[in-house]
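Text of structure.txt, listed as compact mmCIF, C-alpha atoms:
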```txt
# COMPACT_ATOMS: atom_id res chain seq x y z
CA MET A 21 0.00 0.00 0.00
CA THR A 22 2.67 2.47 1.07
CA GLU A 23 4.79 1.54 -1.93
CA PHE A 24 1.83 2.09 -4.19
CA LEU A 25 1.19 5.51 -2.67
CA SER A 26 4.78 6.64 -2.89
CA GLU A 27 4.90 5.62 -6.55
CA LYS A 28 2.08 8.03 -7.34
CA ARG A 29 3.81 11.26 -8.22
CA ILE A 30 2.32 14.58 -9.10
CA PRO A 31 3.81 15.85 -12.36
CA ILE A 32 5.64 19.17 -12.28
CA ILE A 33 5.74 20.80 -15.69
CA LYS A 34 8.21 23.50 -16.59
CA MET A 35 6.79 26.15 -18.88
CA ARG A 36 9.14 28.99 -19.80
CA ASP A 37 10.14 30.58 -16.52
CA TYR A 38 7.39 28.94 -14.52
CA LEU A 39 6.57 25.59 -12.99
CA VAL A 40 3.02 24.32 -13.36
CA VAL A 41 1.73 21.80 -10.85
CA SER A 42 -1.78 20.45 -11.23
CA ILE A 43 -2.93 18.42 -8.27
CA GLN A 44 -5.47 15.93 -9.54
CA VAL A 45 -5.44 13.26 -6.86
CA ASP A 46 -6.61 13.36 -3.28
CA MET A 47 -3.80 14.68 -1.17
CA HIS A 48 -2.64 12.78 1.85
CA ASP A 49 -0.06 14.07 4.25
CA ARG A 50 2.92 12.14 2.91
CA LEU A 51 2.16 12.98 -0.68
CA ALA A 52 1.90 16.65 0.31
CA LEU A 53 5.30 16.63 1.98
CA GLU A 54 6.86 14.81 -0.98
CA LEU A 55 5.31 17.31 -3.37
CA GLN A 56 6.69 20.20 -1.33
CA ALA A 57 10.21 18.78 -1.43
CA GLN A 58 9.86 17.93 -5.12
CA ILE A 59 8.73 21.43 -6.09
CA LEU A 60 11.53 23.13 -4.13
CA GLU A 61 14.04 20.77 -5.70
CA GLU A 62 12.68 21.60 -9.14
CA VAL A 63 12.77 25.34 -8.41
CA SER A 64 16.45 25.16 -7.50
CA GLN A 65 17.32 22.98 -10.52
CA THR A 66 15.45 24.97 -13.17
CA GLY A 67 15.75 28.39 -11.63
CA ALA A 68 12.04 28.97 -12.14
CA LYS A 69 10.74 32.39 -11.22
CA GLY A 70 7.17 31.36 -10.51
CA VAL A 71 5.16 28.32 -9.43
CA LEU A 72 1.51 27.82 -10.34
CA ILE A 73 -0.31 25.28 -8.21
CA ASP A 74 -3.71 24.31 -9.59
CA ILE A 75 -6.00 22.89 -6.93
CA SER A 76 -9.29 23.22 -8.82
CA VAL A 77 -9.93 19.48 -8.56
CA LEU A 78 -9.20 19.26 -4.85
CA GLU A 79 -12.47 18.99 -2.99
CA MET A 80 -10.99 18.71 0.44
CA VAL A 81 -8.12 20.65 1.92
CA ASP A 82 -7.44 20.00 5.58
CA SER A 83 -5.36 22.11 7.91
CA PHE A 84 -2.21 20.12 7.13
CA ILE A 85 -2.44 20.64 3.37
CA GLY A 86 -3.34 24.28 3.93
CA ARG A 87 -0.31 24.79 6.11
CA MET A 88 1.84 22.94 3.59
CA LEU A 89 0.66 25.24 0.79
CA SER A 90 1.28 28.44 2.72
CA GLY A 91 4.61 27.08 3.96
CA MET A 92 5.63 26.29 0.43
CA ALA A 93 4.85 29.84 -0.66
CA SER A 94 7.21 31.28 1.93
CA MET A 95 9.90 28.68 1.22
CA ALA A 96 9.75 29.39 -2.51
CA ALA A 97 9.80 33.14 -1.79
CA ILE A 98 13.14 32.68 -0.03
CA MET A 99 14.36 30.93 -3.17
CA ASP A 100 13.12 33.89 -5.24
CA ALA A 101 10.16 32.10 -6.78
CA PHE A 102 6.65 33.45 -6.66
CA VAL A 103 3.88 30.97 -5.78
CA VAL A 104 0.31 31.41 -7.01
CA ILE A 105 -2.42 29.04 -5.92
CA VAL A 106 -5.02 28.72 -8.61
CA GLY A 107 -8.66 27.67 -8.80
CA MET A 108 -9.59 27.04 -5.21
CA GLN A 109 -13.16 25.84 -4.83
CA PRO A 110 -15.62 27.94 -2.76
CA ALA A 111 -16.25 25.11 -0.30
CA VAL A 112 -12.51 24.73 0.26
CA ALA A 113 -12.10 28.47 0.83
CA ILE A 114 -14.92 28.48 3.39
CA THR A 115 -13.41 25.48 5.19
CA LEU A 116 -9.98 27.10 5.35
CA VAL A 117 -11.43 30.35 6.70
CA GLU A 118 -13.48 28.48 9.29
CA LEU A 119 -10.33 26.61 10.31
CA GLY A 120 -8.63 29.97 10.80
CA LEU A 121 -6.13 29.21 8.02
CA GLU A 122 -6.24 32.47 6.13
CA MET A 123 -2.95 31.78 4.35
CA PRO A 124 -1.43 35.25 4.64
CA GLY A 125 1.23 35.93 2.08
CA VAL A 126 -0.09 33.38 -0.38
CA GLU A 127 -1.19 34.79 -3.71
CA THR A 128 -4.29 33.31 -5.29
CA ALA A 129 -5.96 33.50 -8.67
CA LEU A 130 -9.32 32.41 -10.00
CA ASN A 131 -7.98 30.27 -12.83
CA MET A 132 -4.80 29.26 -14.64
CA GLU A 133 -5.07 32.14 -17.12
CA LYS A 134 -5.33 34.80 -14.44
CA GLY A 135 -2.58 33.06 -12.47
CA ILE A 136 -0.19 33.27 -15.42
CA GLU A 137 -1.11 36.95 -15.96
CA MET A 138 -0.35 37.62 -12.32
CA LEU A 139 3.01 35.84 -12.52
CA GLU A 140 3.95 37.72 -15.68
CA LYS A 141 3.12 40.99 -13.99
CA ARG A 142 5.16 40.19 -10.90
CA VAL A 143 8.10 38.43 -12.45
CA GLY A 144 8.08 40.72 -15.49
CA THR A 145 8.33 43.91 -13.44
CA LYS A 146 11.03 42.36 -11.32
CA SER A 147 13.16 41.40 -14.31
CA GLN A 148 12.59 44.82 -15.85
CA LYS A 149 13.81 46.41 -12.65
CA ASN A 150 16.83 44.14 -12.68
CA SER A 151 17.67 44.98 -16.25
CA LYS A 152 17.30 48.68 -15.53
CA GLN A 153 19.66 48.34 -12.59
CA LEU A 154 22.13 46.53 -14.82
CA GLN A 155 22.01 49.35 -17.37
CA MET B 11 -84.06 -6.60 59.21
CA THR B 12 -84.27 -9.11 56.49
CA LEU B 13 -83.52 -8.53 52.90
CA LYS B 14 -86.27 -9.04 50.40
CA ILE B 15 -84.49 -9.86 47.18
CA THR B 16 -85.94 -11.90 44.37
CA ASN B 17 -83.91 -13.58 41.66
CA LEU B 18 -80.71 -12.55 43.41
CA LYS B 19 -78.37 -14.68 41.32
CA GLU B 20 -79.79 -13.60 37.93
CA ARG B 21 -79.77 -9.92 38.84
CA VAL B 22 -76.21 -9.96 40.14
CA GLU B 23 -75.13 -11.67 36.93
CA LYS B 24 -76.91 -8.98 34.89
CA VAL B 25 -75.09 -6.23 36.85
CA GLU B 26 -71.79 -8.00 36.22
CA ASP B 27 -72.54 -8.27 32.49
CA ILE B 28 -73.46 -4.58 32.21
CA LEU B 29 -70.36 -3.47 34.11
CA SER B 30 -68.07 -5.57 31.96
CA SER B 31 -69.60 -4.23 28.75
CA VAL B 32 -69.16 -0.65 30.06
CA ALA B 33 -65.55 -1.46 30.88
CA ALA B 34 -65.14 -2.71 27.32
CA GLY B 35 -66.34 0.68 26.01
CA ASP B 36 -70.04 0.10 25.30
CA MET B 37 -71.73 3.06 26.99
CA THR B 38 -75.29 2.25 25.81
CA ALA B 39 -75.93 -0.63 28.18
CA ARG B 40 -78.15 0.04 31.24
CA ILE B 41 -79.52 -2.20 33.98
CA ASN B 42 -83.06 -0.64 34.01
CA PRO B 43 -84.31 -2.45 37.15
CA ASP B 44 -87.93 -3.59 36.85
CA ILE B 45 -88.45 -5.11 40.31
CA GLU B 46 -88.78 -2.88 43.40
CA ASP B 47 -86.80 -4.25 46.31
CA ASP B 48 -83.62 -3.62 48.33
CA LEU B 49 -81.26 -4.19 45.40
CA THR B 50 -83.06 -1.68 43.11
CA GLY B 51 -81.29 1.28 44.77
CA VAL B 52 -77.88 -0.17 44.00
CA GLU B 53 -78.87 -0.97 40.43
CA SER B 54 -80.22 2.52 39.66
CA ALA B 55 -77.12 4.07 41.27
CA ILE B 56 -74.96 2.08 38.88
CA ASP B 57 -77.10 3.31 35.96
CA LEU B 58 -76.64 6.91 37.11
CA LEU B 59 -72.91 6.43 37.37
CA ILE B 60 -72.76 5.05 33.85
CA ASN B 61 -74.74 8.09 32.62
CA ASP B 62 -72.32 10.51 34.33
CA LEU B 63 -69.35 8.66 32.94
CA THR B 64 -70.76 8.83 29.42
CA GLU B 65 -71.27 12.60 29.63
CA GLU B 66 -67.80 13.17 30.98
CA LEU B 67 -66.23 11.09 28.25
CA GLU B 68 -68.07 13.05 25.59
CA GLU B 69 -66.91 16.36 27.03
CA ARG B 70 -63.34 15.19 27.16
CA LYS B 71 -63.48 14.06 23.56
CA LYS B 72 -64.76 17.45 22.51
CA ALA B 73 -61.95 19.22 24.35
CA GLN B 74 -59.39 16.93 22.78
CA ASP B 75 -60.73 17.62 19.29
CA GLU B 76 -60.54 21.34 19.93
CA LEU B 77 -56.94 21.07 21.11
CA GLU B 78 -55.99 18.99 18.09
CA ASN B 79 -57.51 21.58 15.79
CA LYS B 80 -55.55 24.34 17.50
CA LEU B 81 -52.35 22.31 17.22
CA LYS B 82 -52.93 21.85 13.53
CA THR B 83 -53.41 25.60 13.00
CA ILE B 84 -50.20 26.32 14.91
CA GLN B 85 -48.30 23.75 12.88
CA ASN B 86 -49.59 25.29 9.67
CA GLN B 87 -48.51 28.75 10.84
CA GLN B 88 -45.07 27.46 11.74
CA GLU B 89 -44.71 25.91 8.31
CA THR B 90 -45.60 29.26 6.72
CA ILE B 91 -43.06 31.09 8.89
CA ARG B 92 -40.36 28.56 7.96
CA LYS B 93 -41.12 28.88 4.26
CA GLN B 94 -41.08 32.66 4.43
CA GLN B 95 -37.76 32.60 6.27
CA GLU B 96 -36.30 30.39 3.54
CA ASP B 97 -37.62 32.71 0.88
CA MET B 98 -36.14 35.69 2.69
CA LEU B 99 -32.76 33.99 2.93
CA GLU B 100 -32.76 33.26 -0.78
CA LEU B 101 -33.97 36.70 -1.72
CA SER B 102 -31.70 38.57 0.62
CA SER B 103 -28.39 37.98 -1.10
CA PRO B 104 -28.58 38.79 -4.78
CA VAL B 105 -25.18 38.80 -6.47
CA THR B 106 -25.06 40.71 -9.73
CA LYS B 107 -22.37 41.44 -12.25
CA VAL B 108 -22.49 45.22 -12.58
CA TRP B 109 -19.60 45.67 -15.01
CA GLU B 110 -16.87 43.75 -16.71
CA ASN B 111 -14.91 41.95 -13.97
CA ILE B 112 -16.98 43.53 -11.16
CA LEU B 113 -19.54 41.73 -9.00
CA MET B 114 -21.77 43.45 -6.51
CA LEU B 115 -23.63 42.16 -3.46
CA PRO B 116 -25.89 44.65 -1.68
CA VAL B 117 -26.63 43.53 1.88
CA ILE B 118 -29.87 44.72 3.43
CA GLY B 119 -31.05 43.93 6.95
CA THR B 120 -29.45 42.38 9.98
CA LEU B 121 -26.69 39.87 9.40
CA ASP B 122 -26.77 36.67 11.41
CA SER B 123 -24.49 33.69 11.02
CA GLN B 124 -26.93 31.66 8.94
CA ARG B 125 -27.55 34.51 6.53
CA THR B 126 -23.86 35.30 6.19
CA GLN B 127 -23.11 31.67 5.52
CA ILE B 128 -25.57 31.59 2.60
CA MET B 129 -24.36 35.01 1.44
CA MET B 130 -20.74 33.86 1.47
CA GLU B 131 -21.45 30.66 -0.45
CA ASN B 132 -23.53 32.57 -2.96
CA LEU B 133 -20.85 35.18 -3.52
CA LEU B 134 -18.00 32.66 -3.84
CA GLU B 135 -19.92 30.51 -6.30
CA ASN B 136 -20.71 33.59 -8.38
CA ILE B 137 -17.05 34.65 -8.34
CA VAL B 138 -16.06 31.25 -9.70
CA SER B 139 -18.83 31.04 -12.30
CA THR B 140 -18.42 34.57 -13.65
CA GLY B 141 -14.65 34.78 -13.30
CA CYS B 142 -14.86 38.28 -11.87
CA THR B 143 -11.89 39.26 -9.74
CA ILE B 144 -13.47 42.16 -7.87
CA ALA B 145 -16.52 41.94 -5.62
CA ILE B 146 -18.15 44.89 -3.90
CA LEU B 147 -20.01 44.17 -0.67
CA ASP B 148 -22.30 47.12 0.01
CA ILE B 149 -23.44 47.29 3.63
CA THR B 150 -25.42 50.53 3.40
CA GLY B 151 -28.56 48.60 4.31
CA VAL B 152 -27.10 46.97 7.41
CA PRO B 153 -28.42 48.83 10.47
CA THR B 154 -25.73 47.84 12.99
CA VAL B 155 -22.37 46.15 12.84
CA ASP B 156 -21.31 44.28 15.97
CA THR B 157 -18.30 42.04 16.53
CA GLN B 158 -20.09 39.03 15.11
CA VAL B 159 -21.17 40.77 11.92
CA ALA B 160 -17.68 42.24 11.44
CA ASN B 161 -16.22 38.79 11.92
CA HIS B 162 -18.54 37.39 9.26
CA LEU B 163 -17.56 40.18 6.87
CA ILE B 164 -13.85 39.53 7.43
CA LYS B 165 -14.41 35.81 6.84
CA THR B 166 -16.18 36.52 3.55
CA VAL B 167 -13.42 38.83 2.39
CA THR B 168 -10.73 36.30 3.33
CA ALA B 169 -12.51 33.45 1.57
CA ALA B 170 -12.84 35.58 -1.57
CA ARG B 171 -9.13 36.36 -1.39
CA LEU B 172 -8.33 32.64 -1.18
CA LEU B 173 -10.23 32.14 -4.43
CA GLY B 174 -8.17 34.90 -6.04
CA ALA B 175 -10.72 37.72 -5.97
CA GLU B 176 -10.57 41.03 -4.18
CA CYS B 177 -13.49 42.02 -1.98
CA ILE B 178 -14.27 45.67 -1.23
CA ILE B 179 -16.68 46.68 1.53
CA SER B 180 -18.57 49.88 0.82
CA GLY B 181 -21.30 51.88 2.49
CA ILE B 182 -19.62 52.36 5.87
CA ARG B 183 -21.68 55.03 7.61
CA PRO B 184 -20.14 57.25 10.30
CA ALA B 185 -22.09 55.51 13.06
CA ILE B 186 -20.82 52.14 11.88
CA ALA B 187 -17.23 53.38 11.67
CA GLN B 188 -17.58 54.64 15.25
CA THR B 189 -18.91 51.36 16.60
CA ILE B 190 -16.28 49.34 14.73
CA VAL B 191 -13.44 51.37 16.25
CA HIS B 192 -15.07 51.42 19.70
CA LEU B 193 -15.41 47.65 19.62
CA GLY B 194 -11.72 47.36 18.75
CA ILE B 195 -12.33 45.47 15.50
CA ASP B 196 -9.38 45.54 13.14
CA LEU B 197 -10.65 46.02 9.60
CA SER B 198 -7.27 47.06 8.25
CA SER B 199 -6.95 43.80 6.32
CA VAL B 200 -10.13 44.69 4.45
CA ASN B 201 -10.43 47.27 1.72
CA THR B 202 -13.19 49.63 2.85
CA LYS B 203 -14.78 52.55 0.99
CA GLY B 204 -17.29 55.14 2.12
CA THR B 205 -19.76 55.00 -0.71
CA LEU B 206 -20.62 52.61 -3.45
CA GLN B 207 -19.40 55.21 -5.92
CA ASP B 208 -15.93 55.21 -4.38
CA ALA B 209 -15.89 51.44 -4.43
CA MET B 210 -16.90 51.37 -8.09
CA ARG B 211 -14.23 53.92 -8.96
CA TYR B 212 -11.59 51.85 -7.14
CA ALA B 213 -12.82 48.67 -8.85
CA PHE B 214 -12.60 50.30 -12.26
CA ARG B 215 -9.10 51.62 -11.58
CA SER B 216 -7.70 48.39 -10.18
CA SER B 217 -9.07 46.31 -13.03
CA GLY B 218 -7.58 48.75 -15.52
CA GLN B 219 -10.91 50.00 -16.87
CA LYS B 220 -12.11 53.53 -17.31
CA MET B 221 -15.17 54.95 -15.57
CA PRO B 222 -17.97 55.77 -18.02
CA ASP B 223 -17.72 59.51 -17.13
CA GLU B 224 -13.97 59.50 -17.80
CA ILE B 225 -14.54 57.98 -21.22
CA ASP B 226 -17.19 60.62 -21.96
CA THR B 227 -14.99 63.60 -21.04
CA GLN B 228 -12.12 62.19 -23.03
CA ASP B 229 -14.30 61.68 -26.08
CA ASN B 230 -15.60 65.25 -25.78
CA TRP B 231 -12.06 66.49 -25.46
CA ILE B 232 -11.03 64.64 -28.59
CA GLY B 233 -14.12 65.96 -30.33
CA GLU B 234 -13.16 69.52 -29.47
CA LEU B 235 -9.66 68.99 -30.84
CA LYS B 236 -11.09 67.82 -34.14
```
File written out as C-alpha cells:
Amino acid sequence: MTEFLSEKRIPIIKMRDYLVVSIQVDMHDRLALELQAQILEEVSQTGAKGVLIDISVLEMVDSFIGRMLSGMASMAAIMDAFVVIVGMQPAVAITLVELGLEMPGVETALNMEKGIEMLEKRVGTKSQKNSKQLQ
Amino acid sequence: MTLKITNLKERVEKVEDILSSVAAGDMTARINPDIEDDLTGVESAIDLLINDLTEELEERKKAQDELENKLKTIQNQQETIRKQQEDMLELSSPVTKVWENILMLPVIGTLDSQRTQIMMENLLENIVSTGCTIAILDITGVPTVDTQVANHLIKTVTAARLLGAECIISGIRPAIAQTIVHLGIDLSSVNTKGTLQDAMRYAFRSSGQKMPDEIDTQDNWIGELK
C-alpha cells in the first residue's frame, strides 16, 4: 500500500520561466510533503521564477495541506520564486477560513489564465527592474 | 331486618354483564331495574354512574378535538413562517455582475451567522462562475455592525481572497465606523470605501478599466480637438 502511494507522483511541468503543478489526486499528508520537497528541488534545478499550483480538482483541503501550501509559498519566496495558488473551490475556501487558516502571504488567482497573468506581472516587473539596474 | 331480594343470582349476573360491557367501552348498556326491592337502589345508582361517565367522556373528547384543531393551526402557521424565512434567505443575497470583472452584493437587513453563511457561499460561487476578480459588498442597508457581523464580513473577504478575488466593503456610515473602532475590530486587512461610488471607482481603476464619465470627457475632449 505504502509503496503504491509513494509511486504516485504529481507531475511538475516546466513552462518557460514557470513551474506548473496540477494536483489531480486526493492529497494525503505524505504525498503533500513529498510534493513540497519535489517542487523546491525543481525550483532550484530549473531556476524557475514562478510556481503555479492548480487545486481546482481538490475537494478537500485539511489544515495540514493548507499549512503545507502556505509554507511552500514562503519557502519558494526565499528561493526567489513566486507561488500562485489557482482555482480554489468555494467550499474549500470556506473550510480554510473556518479553520482559521487564512494563508497570509499566499497569492491566489481564480484560474490558470489569471494566475499566469499575475506571474507575468510580478516576475516581469522584477526582471525589468533588474535589467534597468544593470544598465 | 331481612332482605327481600328476588332472583338474586340472575340480577347480580346482569349487573356483572353490564359493568363488563361498560368497561369494554359500550356506553349504551343500562340495567333498568324492573323489580322494586332492596337491590333496586344499587342498580339505579350504577345506571346513574354510567350516565355521568358517558357525559364526561363526551366532554373530554370534545376538548381533545378542539386542542388537536388548535395544534394543527399552529403547525400550519409554523410551516408558513419557515417557508417565508427560507424565501427571505434566498432573496436577501442577490449577487449581480455590474460591469466587466466587477460583481456586486448589496446587503440589506441584519446579518446573522446563517444569513452570512448563505451570502458567502452565494458570492464565492458567483465569483467562480463569472470569473470576476473584484466583488463589492455594500453594507449601506445593514443597520448595525457588531463584533459578530464584522467577523462574518472579514471571513467573507478572506474566503474571496483565497479564491483569487478582491473584496471591497462599501457603504460604511459614520455611526458604523464609530462602533467598529469602539469595539476594537481591526478592519485594516479589508479594503473599505465610504460610498458605493468610491468602491466602483476603485474597482474600475484596479481592473484597468475607465469609468464611463472619464470615457465621456475624453471623447468630448477629442471631439473639441477635431
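For Met37 of chain B, the non-local neighbours within 12 Å, defined as residues at least 5 positions apart in the same chain or in other chains and counting all atoms listed in the file, are B:Ile28, B:Leu29, B:Ser30, B:Ser31, B:Val32, B:Asp57, B:Leu58, B:Leu59, B:Ile60, B:Asn61, B:Asp62, B:Leu63, B:Thr64, B:Glu65, B:Glu66, B:Leu67, B:Glu68.
Among the candidates A:Glu54, A:Val71, A:Ile98, A:Leu119, the one nearest to Ser83 of chain A when counting only C-alpha atoms is A:Leu119.
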Please write as a list in words the list of polymer residues whose atoms come within 12 Å of (3.0, 14.9, 3.6), counting only C-alpha atoms and keeping to the coordinates of the file.
Leu25, Ser26, Asp46, Met47, His48, Asp49, Arg50, Leu51, Ala52, Leu53, Glu54, Leu55, Gln56, Ala57, Gln58, Asp82, Ser83, Phe84, Ile85, Gly86, Arg87, Met88 and Leu89 of chain A
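Atom pair atom CA of Glu110 of chain B / atom CA of Cys142 of chain B: separated by 7.6 Å.
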Show which residues sit within 9 Å of segment 72-74 of chain A, as a ChimeraX atom specification. Count only C-alpha atoms, and ignore same-chain residues fewer than 2 positions away.
/A:38-44,70,76-78,102-108,131-132,135-136,139
Using all atoms listed in the file, which of B:Asp36, B:Asp156, B:Glu69, B:Asp148 sits nearest Ile182 of chain B?
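Closest candidate: B:Asp148.
Taking atom CA of Leu134 of chain B and atom CA of Thr150 of chain B as endpoints, the distance between them is 20.7 Å.
Atom CA of Thr154 of chain B to atom CA of Arg92 of chain B spans 24.7 Å [interatomic distance, one decimal].
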What would segment 75-88 of chain A look like with N, CA and C atoms restored, written as a PDB file, keeping the file's coordinate frame?
```
ATOM      1  N   ILE A  75      -5.308  23.804  -7.837  1.00  0.00           N
ATOM      2  CA  ILE A  75      -6.000  22.890  -6.930  1.00  0.00           C
ATOM      3  C   ILE A  75      -7.501  22.874  -7.227  1.00  0.00           C
ATOM      4  N   SER A  76      -7.858  23.123  -8.496  1.00  0.00           N
ATOM      5  CA  SER A  76      -9.290  23.220  -8.820  1.00  0.00           C
ATOM      6  C   SER A  76     -10.005  21.886  -8.681  1.00  0.00           C
ATOM      7  N   VAL A  77      -9.258  20.779  -8.689  1.00  0.00           N
ATOM      8  CA  VAL A  77      -9.930  19.480  -8.560  1.00  0.00           C
ATOM      9  C   VAL A  77     -10.023  19.041  -7.100  1.00  0.00           C
ATOM     10  N   LEU A  78      -9.196  19.668  -6.258  1.00  0.00           N
ATOM     11  CA  LEU A  78      -9.200  19.260  -4.850  1.00  0.00           C
ATOM     12  C   LEU A  78     -10.511  19.670  -4.192  1.00  0.00           C
ATOM     13  N   GLU A  79     -11.206  18.670  -3.637  1.00  0.00           N
ATOM     14  CA  GLU A  79     -12.470  18.990  -2.990  1.00  0.00           C
ATOM     15  C   GLU A  79     -12.311  19.107  -1.494  1.00  0.00           C
ATOM     16  N   MET A  80     -11.184  18.640  -0.990  1.00  0.00           N
ATOM     17  CA  MET A  80     -10.990  18.710   0.440  1.00  0.00           C
ATOM     18  C   MET A  80      -9.553  19.143   0.746  1.00  0.00           C
ATOM     19  N   VAL A  81      -9.440  20.204   1.494  1.00  0.00           N
ATOM     20  CA  VAL A  81      -8.120  20.650   1.920  1.00  0.00           C
ATOM     21  C   VAL A  81      -8.173  20.758   3.444  1.00  0.00           C
ATOM     22  N   ASP A  82      -7.402  19.929   4.116  1.00  0.00           N
ATOM     23  CA  ASP A  82      -7.440  20.000   5.580  1.00  0.00           C
ATOM     24  C   ASP A  82      -6.364  20.964   6.074  1.00  0.00           C
ATOM     25  N   SER A  83      -6.277  21.105   7.377  1.00  0.00           N
ATOM     26  CA  SER A  83      -5.360  22.110   7.910  1.00  0.00           C
ATOM     27  C   SER A  83      -3.913  21.784   7.540  1.00  0.00           C
ATOM     28  N   PHE A  84      -3.593  20.490   7.450  1.00  0.00           N
ATOM     29  CA  PHE A  84      -2.210  20.120   7.130  1.00  0.00           C
ATOM     30  C   PHE A  84      -1.834  20.574   5.715  1.00  0.00           C
ATOM     31  N   ILE A  85      -2.723  20.246   4.757  1.00  0.00           N
ATOM     32  CA  ILE A  85      -2.440  20.640   3.370  1.00  0.00           C
ATOM     33  C   ILE A  85      -2.389  22.170   3.263  1.00  0.00           C
ATOM     34  N   GLY A  86      -3.324  22.816   3.956  1.00  0.00           N
ATOM     35  CA  GLY A  86      -3.340  24.280   3.930  1.00  0.00           C
ATOM     36  C   GLY A  86      -2.041  24.862   4.438  1.00  0.00           C
ATOM     37  N   ARG A  87      -1.562  24.294   5.535  1.00  0.00           N
ATOM     38  CA  ARG A  87      -0.310  24.790   6.110  1.00  0.00           C
ATOM     39  C   ARG A  87       0.856  24.489   5.164  1.00  0.00           C
ATOM     40  N   MET A  88       0.780  23.301   4.535  1.00  0.00           N
ATOM     41  CA  MET A  88       1.840  22.940   3.590  1.00  0.00           C
ATOM     42  C   MET A  88       1.879  23.938   2.445  1.00  0.00           C
TER      43      MET A  88
END
```
